[in-house]
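Here's the structure, in structure tokens; my notes come after.
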Amino acid sequence: MEIKYKEVSRWIQSRRCSSTVPEKHTQSNAMLRHLTSKIKATGPISVSEYMREVLTNPVLGYYVKNDMLGADGDFITSPEISQIFGELLGIWCVSEWMAAGKPKELQLVEFGPGRGSLASDILRVFSQLRGALVGTTPSVHLIEVSPRLSEVQAHSLTGSQNQLSGREEEPAYRWGTTTTGLPIAWYRRLEDVPKGFSIYLAHEFFDALPIHKFQKTKQGWREMMVDIDPEDPDRLRFVLVPAPTLASSTLIQRDESREHVEVCPEAGVVVQRLSGRIAEDGGAALIADYGHDGTGTDTFRGFRGHKPHDVLTAPGSADLTADVDFSYLRRMAGDQVACLGPITQRQFLQNMGIDVRLQVLLRNTLDTSTRGQLVRGFDMLTNPEKMGERFKFFAMLAHGRLAPPSPAETGKKRAPAPLPVAGFSELKL
Ligand SMILES: C[S@@+](CC[C@H](N)C(=O)[O-])C[C@H]1O[C@@H](n2cnc3c(N)ncnc32)[C@H](O)[C@@H]1O
């Protein structure tokens with residue numbers, strides 16, 4: 001998230017600015033106490049356990065307690081920067097639904113929706129394209145671990161038309177009706193979302209899932225753990241475990257050539273479940289995140305107040321993140337689905353027609369401050385020096401989506417080519 005740092009600092013200066021630090025301090029002390037007592041009881045913990053505790057501990061977790069997004073928070077994301085981002089993803093959803101033969105059902109499933117900005121922009125597109133969506137009533141399904149953020153999402157997407165379930169055994173913990181009139185529900189995990197044709201979106205979700213870290217040594221691969229600093233009981237430090245762990249023996253590829261590797265098995269499990277669901281019920285998944293295609297090494301980092309933050313200092317007061325390894329996601333998806341990408345955000349958005357959309361919005365706006373924001377947002381999303389190159393787009397599709405329909409289906413001698421997948425090839429207007 002380094003690019004976010006400088007550029008976003010400038011970006012937010014033109015917007016609101018305040019700080020939530022004092023409350024975070026208390027939280028981080030409590031989190032540090034929680035982690036040190038855990039380590040005292042069981043010994044050093046894996047980076048994965050550290051990250052999971054810090055981010056999603058049900059009482060003290062960073063995501064569970066905070067609204068960390070936007071100018072007042074620790075980082076800002078593409079849907080928060082420009083409405084165009086969500087609008088183009090909305091068009092992607094409709095385009096994939098149409099390419100699948102306009103099934104009656106259309107579930108929009110979003111992982112980690114943050115403040116709900118992406119879903120809100122997509123729902124506006126669904127409303128505008130109501131004519132094209134005739135024959136289906138879309139439903140919205142949000143997978144969110146944070147009660148605090150689910151409240152923010154519910155407010156933004158439904159106003160007050162939502163309620164908590166109150167019953168543990170219900171798969172959805174909150175449900176309601178969006179301001180555009182669609183059914184909406186919140187879940188803690190993908191397994192709770194009803195099966196059916198779905199378009200899955202995950203924007204900056206996989207980079208928040210816990211990673212294991214490994215270092216190649218003369219003795220073989222060794223796992224990095226988090227321990228208490230023997231010089232200072234209030235400080236944490238990284239240590240290398242002298243013997244192989246279960247994770248170091250099972251998660252490293254035989255032909256691995258890097259010296260340092262990060263693996264996120266939780267991401268692998270989610271992707272395996274996704275590919276199973278897409279193969280069974282149809283649909284598509286679009287994953288957008290910081291990432292690499294199997295070349296990244298030491299990418300674990302922290303962000304607080306839009307600045308880099310040491311990952312072991314004041315745990316719980318800063319966001320923790322690691323680049324997504326798309327080659328690992330592709331491997332975990334297996335052969336149940338077809339995978340496209342990763343391609344850069346710049347390429348994806350340009351293929352989706354971001355330049356044309358910007359021109360349309362500029363033509364319709366005389367207000368100089370709004371015009372300035374639109375142009376700055378566009379630059380931030382697409383400039384290779386900012387978010388344009390480091391962010392990647394990756395899609396998982398049902399195999400049938402890329403296969404030409406059979407002559408029996410079309411009644412023609414020569415089957416037409418399958419429709420191109422928007423974003424992954426140039427949009428012909
Ligand atoms: C970095 S934020 C991204 C927010 C949003 N997608 C955006 O781009 O603005 C990560 C989101 O994922 C949620 N999250 C993190 N870990 C999760 C988990 N294990 N299960 C479900 N949601 C999770 C967070 O609460 C938050 O909404």
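A note on labels: chains of the structure tokens are A, B, ... as shown, every chain counts residues from 1, and ligands are counted from 1 in their shown order.
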Pull the closest atom pair for each residue of chain A that gets at most 9 Å from ligand 1, along with the distance in Å to one decimal, counting only C-alpha atoms and all ligand atoms, ordering rows by chain and then ascending residue number, as a Markdown table.
| residue | atom | partner | partner_atom_place_in_ligand_line | distance |
| --- | --- | --- | --- | --- |
| A:Arg52 | CA | ligand 1 | 19 (N) | 8.0 |
| A:Leu55 | CA | ligand 1 | 16 (N) | 7.0 |
| A:Thr56 | CA | ligand 1 | 16 (N) | 6.4 |
| A:Tyr62 | CA | ligand 1 | 25 (O) | 8.5 |
| A:Tyr63 | CA | ligand 1 | 25 (O) | 4.7 |
| A:Val64 | CA | ligand 1 | 25 (O) | 6.6 |
| A:Asn66 | CA | ligand 1 | 25 (O) | 8.7 |
| A:Asp67 | CA | ligand 1 | 25 (O) | 8.6 |
| A:Met68 | CA | ligand 1 | 2 (S) | 8.2 |
| A:Leu69 | CA | ligand 1 | 9 (O) | 6.9 |
| A:Gly70 | CA | ligand 1 | 9 (O) | 8.4 |
| A:Phe75 | CA | ligand 1 | 1 (C) | 8.1 |
| A:Ile76 | CA | ligand 1 | 9 (O) | 7.1 |
| A:Thr77 | CA | ligand 1 | 9 (O) | 4.9 |
| A:Ser78 | CA | ligand 1 | 8 (O) | 6.3 |
| A:Pro79 | CA | ligand 1 | 9 (O) | 5.7 |
| A:Glu80 | CA | ligand 1 | 9 (O) | 6.2 |
| A:Glu110 | CA | ligand 1 | 6 (N) | 8.0 |
| A:Phe111 | CA | ligand 1 | 22 (N) | 6.1 |
| A:Gly112 | CA | ligand 1 | 12 (O) | 3.2 |
| A:Pro113 | CA | ligand 1 | 6 (N) | 4.2 |
| A:Gly114 | CA | ligand 1 | 27 (O) | 3.4 |
| A:Arg115 | CA | ligand 1 | 9 (O) | 6.3 |
| A:Gly116 | CA | ligand 1 | 5 (C) | 7.2 |
| A:Ser117 | CA | ligand 1 | 9 (O) | 6.8 |
| A:Leu118 | CA | ligand 1 | 9 (O) | 6.9 |
| A:Leu142 | CA | ligand 1 | 22 (N) | 8.8 |
| A:Ile143 | CA | ligand 1 | 21 (C) | 5.4 |
| A:Glu144 | CA | ligand 1 | 22 (N) | 3.9 |
| A:Val145 | CA | ligand 1 | 21 (C) | 4.1 |
| A:Ser146 | CA | ligand 1 | 25 (O) | 4.8 |
| A:Pro147 | CA | ligand 1 | 25 (O) | 8.3 |
| A:Arg148 | CA | ligand 1 | 25 (O) | 8.4 |
| A:Leu149 | CA | ligand 1 | 25 (O) | 6.2 |
| A:Ser150 | CA | ligand 1 | 27 (O) | 7.9 |
| A:Tyr187 | CA | ligand 1 | 21 (C) | 8.3 |
| A:Arg188 | CA | ligand 1 | 21 (C) | 6.0 |
| A:Arg189 | CA | ligand 1 | 20 (N) | 6.3 |
| A:Leu190 | CA | ligand 1 | 21 (C) | 8.7 |
| A:Leu201 | CA | ligand 1 | 6 (N) | 8.7 |
| A:Ala202 | CA | ligand 1 | 6 (N) | 6.5 |
| A:His203 | CA | ligand 1 | 6 (N) | 4.4 |
| A:Glu204 | CA | ligand 1 | 3 (C) | 4.6 |
| A:Phe205 | CA | ligand 1 | 12 (O) | 4.8 |
| A:Phe206 | CA | ligand 1 | 16 (N) | 7.9 |
| A:Asp207 | CA | ligand 1 | 1 (C) | 7.3 |
| A:Ala208 | CA | ligand 1 | 15 (C) | 5.5 |
| A:Leu209 | CA | ligand 1 | 16 (N) | 5.8 |
| A:Pro210 | CA | ligand 1 | 19 (N) | 8.4 |
| A:Glu266 | CA | ligand 1 | 19 (N) | 8.5 |
| A:Ala288 | CA | ligand 1 | 8 (O) | 8.8 |
| A:Asp289 | CA | ligand 1 | 8 (O) | 8.7 |
| A:Asp319 | CA | ligand 1 | 1 (C) | 7.9 |
| A:Leu320 | CA | ligand 1 | 1 (C) | 9.0 |
| A:Thr321 | CA | ligand 1 | 1 (C) | 8.1 |
All strand (DSSP E) positions in region 257-398 of chain A, as an mmCIF file with N, CA and C atoms, in the first residue's frame:
data_model
loop_
_atom_site.group_PDB
_atom_site.id
_atom_site.type_symbol
_atom_site.label_atom_id
_atom_site.label_comp_id
_atom_site.auth_asym_id
_atom_site.auth_seq_id
_atom_site.Cartn_x
_atom_site.Cartn_y
_atom_site.Cartn_z
ATOM 1 N N HIS A 260 12.266 -16.060 0.194
ATOM 2 C CA HIS A 260 11.274 -15.744 1.229
ATOM 3 C C HIS A 260 9.888 -15.864 0.586
ATOM 4 N N VAL A 261 8.987 -16.552 1.270
ATOM 5 C CA VAL A 261 7.678 -16.815 0.658
ATOM 6 C C VAL A 261 6.567 -16.554 1.672
ATOM 7 N N GLU A 262 5.466 -15.980 1.179
ATOM 8 C CA GLU A 262 4.267 -15.799 2.013
ATOM 9 C C GLU A 262 3.135 -16.640 1.406
ATOM 10 N N VAL A 263 2.458 -17.406 2.232
ATOM 11 C CA VAL A 263 1.348 -18.237 1.726
ATOM 12 C C VAL A 263 0.113 -17.974 2.587
ATOM 13 N N GLY A 283 -21.955 -18.662 -12.783
ATOM 14 C CA GLY A 283 -21.573 -17.375 -12.227
ATOM 15 C C GLY A 283 -20.114 -17.080 -12.493
ATOM 16 N N ALA A 284 -19.614 -16.059 -11.834
ATOM 17 C CA ALA A 284 -18.245 -15.620 -12.064
ATOM 18 C C ALA A 284 -17.748 -14.887 -10.827
ATOM 19 N N ALA A 285 -16.428 -14.876 -10.660
ATOM 20 C CA ALA A 285 -15.837 -14.118 -9.541
ATOM 21 C C ALA A 285 -14.822 -13.143 -10.091
ATOM 22 N N LEU A 286 -14.829 -11.934 -9.524
ATOM 23 C CA LEU A 286 -13.840 -10.923 -9.902
ATOM 24 C C LEU A 286 -13.090 -10.527 -8.631
ATOM 25 N N ILE A 287 -11.779 -10.760 -8.674
ATOM 26 C CA ILE A 287 -10.953 -10.483 -7.492
ATOM 27 C C ILE A 287 -9.982 -9.361 -7.857
ATOM 28 N N ALA A 288 -9.991 -8.286 -7.074
ATOM 29 C CA ALA A 288 -9.094 -7.167 -7.361
ATOM 30 C C ALA A 288 -8.312 -6.849 -6.103
ATOM 31 N N ASP A 289 -6.995 -6.777 -6.244
ATOM 32 C CA ASP A 289 -6.178 -6.559 -5.051
ATOM 33 C C ASP A 289 -4.745 -6.202 -5.426
ATOM 34 N N TYR A 290 -3.988 -5.731 -4.432
ATOM 35 C CA TYR A 290 -2.537 -5.648 -4.580
ATOM 36 C C TYR A 290 -2.052 -7.058 -4.799
ATOM 37 N N GLY A 291 -1.134 -7.250 -5.722
ATOM 38 C CA GLY A 291 -0.693 -8.635 -5.824
ATOM 39 C C GLY A 291 0.360 -8.859 -6.870
ATOM 40 N N HIS A 292 0.787 -10.115 -6.956
ATOM 41 C CA HIS A 292 1.820 -10.551 -7.897
ATOM 42 C C HIS A 292 1.437 -11.933 -8.391
ATOM 43 N N ARG A 301 2.918 -5.789 5.561
ATOM 44 C CA ARG A 301 3.141 -4.415 6.000
ATOM 45 C C ARG A 301 1.920 -3.860 6.737
ATOM 46 N N GLY A 302 2.127 -2.725 7.430
ATOM 47 C CA GLY A 302 1.050 -2.116 8.198
ATOM 48 C C GLY A 302 0.781 -0.702 7.715
ATOM 49 N N PHE A 303 -0.464 -0.229 7.933
ATOM 50 C CA PHE A 303 -0.829 1.150 7.601
ATOM 51 C C PHE A 303 -1.651 1.773 8.701
ATOM 52 N N ARG A 304 -1.248 2.989 9.051
ATOM 53 C CA ARG A 304 -2.013 3.713 10.062
ATOM 54 C C ARG A 304 -2.016 5.186 9.690
ATOM 55 N N LYS A 307 -0.098 6.165 6.633
ATOM 56 C CA LYS A 307 1.357 6.087 6.616
ATOM 57 C C LYS A 307 1.786 4.659 6.919
ATOM 58 N N PRO A 308 2.958 4.228 6.405
ATOM 59 C CA PRO A 308 3.442 2.896 6.743
ATOM 60 C C PRO A 308 3.618 2.780 8.261
ATOM 61 N N HIS A 309 3.329 1.602 8.785
ATOM 62 C CA HIS A 309 3.380 1.395 10.236
ATOM 63 C C HIS A 309 4.015 0.040 10.496
ATOM 64 N N ASP A 319 -3.817 -1.162 10.124
ATOM 65 C CA ASP A 319 -4.203 -2.218 9.182
ATOM 66 C C ASP A 319 -2.974 -3.069 8.867
ATOM 67 N N LEU A 320 -3.169 -4.369 8.736
ATOM 68 C CA LEU A 320 -2.099 -5.269 8.306
ATOM 69 C C LEU A 320 -2.512 -5.864 6.972
ATOM 70 N N THR A 321 -1.554 -5.997 6.072
ATOM 71 C CA THR A 321 -1.896 -6.462 4.731
ATOM 72 C C THR A 321 -0.702 -7.161 4.098
ATOM 73 N N VAL A 324 -1.443 -10.211 -2.580
ATOM 74 C CA VAL A 324 -2.094 -11.480 -2.936
ATOM 75 C C VAL A 324 -1.247 -12.197 -3.994
ATOM 76 N N ASP A 325 -1.020 -13.498 -3.775
ATOM 77 C CA ASP A 325 -0.276 -14.303 -4.749
ATOM 78 C C ASP A 325 -1.311 -14.945 -5.693
ATOM 79 N N VAL A 337 -12.822 -24.368 -12.810
ATOM 80 C CA VAL A 337 -13.213 -23.098 -13.437
ATOM 81 C C VAL A 337 -12.094 -22.640 -14.373
ATOM 82 N N ALA A 338 -12.428 -21.661 -15.234
ATOM 83 C CA ALA A 338 -11.400 -21.040 -16.061
ATOM 84 C C ALA A 338 -10.953 -19.758 -15.353
ATOM 85 N N CYS A 339 -9.650 -19.487 -15.351
ATOM 86 C CA CYS A 339 -9.147 -18.264 -14.701
ATOM 87 C C CYS A 339 -8.605 -17.301 -15.751
ATOM 88 N N LEU A 340 -8.869 -16.011 -15.562
ATOM 89 C CA LEU A 340 -8.309 -14.973 -16.446
ATOM 90 C C LEU A 340 -7.503 -14.001 -15.585
ATOM 91 N N GLY A 341 -6.374 -13.544 -16.109
ATOM 92 C CA GLY A 341 -5.551 -12.581 -15.380
ATOM 93 C C GLY A 341 -4.521 -13.282 -14.524
ATOM 94 N N PRO A 342 -3.834 -12.547 -13.659
ATOM 95 C CA PRO A 342 -4.098 -11.143 -13.320
ATOM 96 C C PRO A 342 -3.633 -10.171 -14.407
ATOM 97 N N ILE A 343 -4.456 -9.112 -14.592
ATOM 98 C CA ILE A 343 -4.034 -7.988 -15.429
ATOM 99 C C ILE A 343 -4.060 -6.735 -14.548
ATOM 100 N N THR A 344 -3.377 -5.689 -15.001
ATOM 101 C CA THR A 344 -3.293 -4.506 -14.139
ATOM 102 C C THR A 344 -4.648 -3.785 -14.077
ATOM 103 N N PHE A 391 -2.236 -2.678 -8.544
ATOM 104 C CA PHE A 391 -3.501 -3.399 -8.359
ATOM 105 C C PHE A 391 -3.757 -4.294 -9.553
ATOM 106 N N LYS A 392 -4.232 -5.518 -9.274
ATOM 107 C CA LYS A 392 -4.454 -6.476 -10.354
ATOM 108 C C LYS A 392 -5.904 -6.975 -10.326
ATOM 109 N N PHE A 393 -6.391 -7.392 -11.485
ATOM 110 C CA PHE A 393 -7.721 -7.995 -11.607
ATOM 111 C C PHE A 393 -7.580 -9.433 -12.083
ATOM 112 N N PHE A 394 -8.364 -10.300 -11.478
ATOM 113 C CA PHE A 394 -8.296 -11.738 -11.741
ATOM 114 C C PHE A 394 -9.732 -12.245 -11.748
ATOM 115 N N ALA A 395 -10.084 -13.082 -12.737
ATOM 116 C CA ALA A 395 -11.473 -13.574 -12.807
ATOM 117 C C ALA A 395 -11.512 -15.086 -12.821
ATOM 118 N N MET A 396 -12.570 -15.633 -12.223
ATOM 119 C CA MET A 396 -12.830 -17.079 -12.277
ATOM 120 C C MET A 396 -14.195 -17.248 -12.938
ATOM 121 N N LEU A 397 -14.236 -18.089 -13.959
ATOM 122 C CA LEU A 397 -15.468 -18.221 -14.744
ATOM 123 C C LEU A 397 -15.827 -19.686 -14.920
ATOM 124 N N ALA A 398 -17.134 -19.947 -15.083
ATOM 125 C CA ALA A 398 -17.566 -21.315 -15.403
ATOM 126 C C ALA A 398 -16.957 -21.675 -16.765
#
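Straight-line separation from CA of Val125 (chain A) to CA of Ile91 (chain A): 7.0 Å.
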Next on the checklist: Report as number ranges by chain all protein, DNA and RNA residues lying within 12 Å of Cys264 (chain A), evaluated on only C-alpha atoms, omitting residues in the same chain fewer than 5 positions from it.
Outcome noted: A: 47-49, 51-52, 206-214, 247, 251-252, 269-271, 300, 321-329, 332
Checklist entry - Between A:Leu106, A:Leu402, A:Ala132, A:Ala119, which one has atoms that come closest to Gly196 (chain A), using only C-alpha atoms? => result A:Leu106
Item to check | CA of Leu349 (chain A) to CA of Phe85 (chain A), distance in Å rounded to a single decimal | outcome: 7.8 Å
10 Å contact set for Thr217 (chain A), only C-alpha atoms, chain neighbours under 3 positions out, as a compact mmCIF listing (two decimals) with C-alpha atoms, in the first residue's frame:
# COMPACT_ATOMS: atom_id res chain seq x y z
CA PHE A 214 8.75 -18.70 5.39
CA GLY A 220 15.70 -25.93 4.52
CA TRP A 221 12.51 -23.86 4.77
CA ARG A 222 11.77 -22.41 8.19
CA LEU A 240 12.70 -18.18 12.85
CA PRO A 242 14.70 -23.84 14.24
CA GLU A 259 14.26 -17.09 -0.70
CA HIS A 260 11.27 -15.74 1.23
Checklist entry - Neighbours of region 374-389 of chain A within 8 Å (only C-alpha atoms; same-chain residues fewer than 3 positions away dropped), as JSON, numbers by chain? => result {"A": [3, 4, 7, 78, 81, 82, 344, 345, 346, 347, 349, 358, 362, 370, 371, 392]}
Item to check | In region 160-388 of chain A, DSSP helix (DSSP H, G or I) residues written as a PyMOL selection string | outcome: chain A and resi 190-192+206-208+246-250+265-281+326-333+345-351+354-363+368-382+384-388
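Atom pair CA of Asp293 (chain A) / CA of Arg254 (chain A): separated by 17.1 Å.
Counting only C-alpha atoms and comparing A:Thr250, A:Ser139, A:Thr295, A:Asn29, the residue that lies closest to Pro194 (chain A) is A:Ser139.
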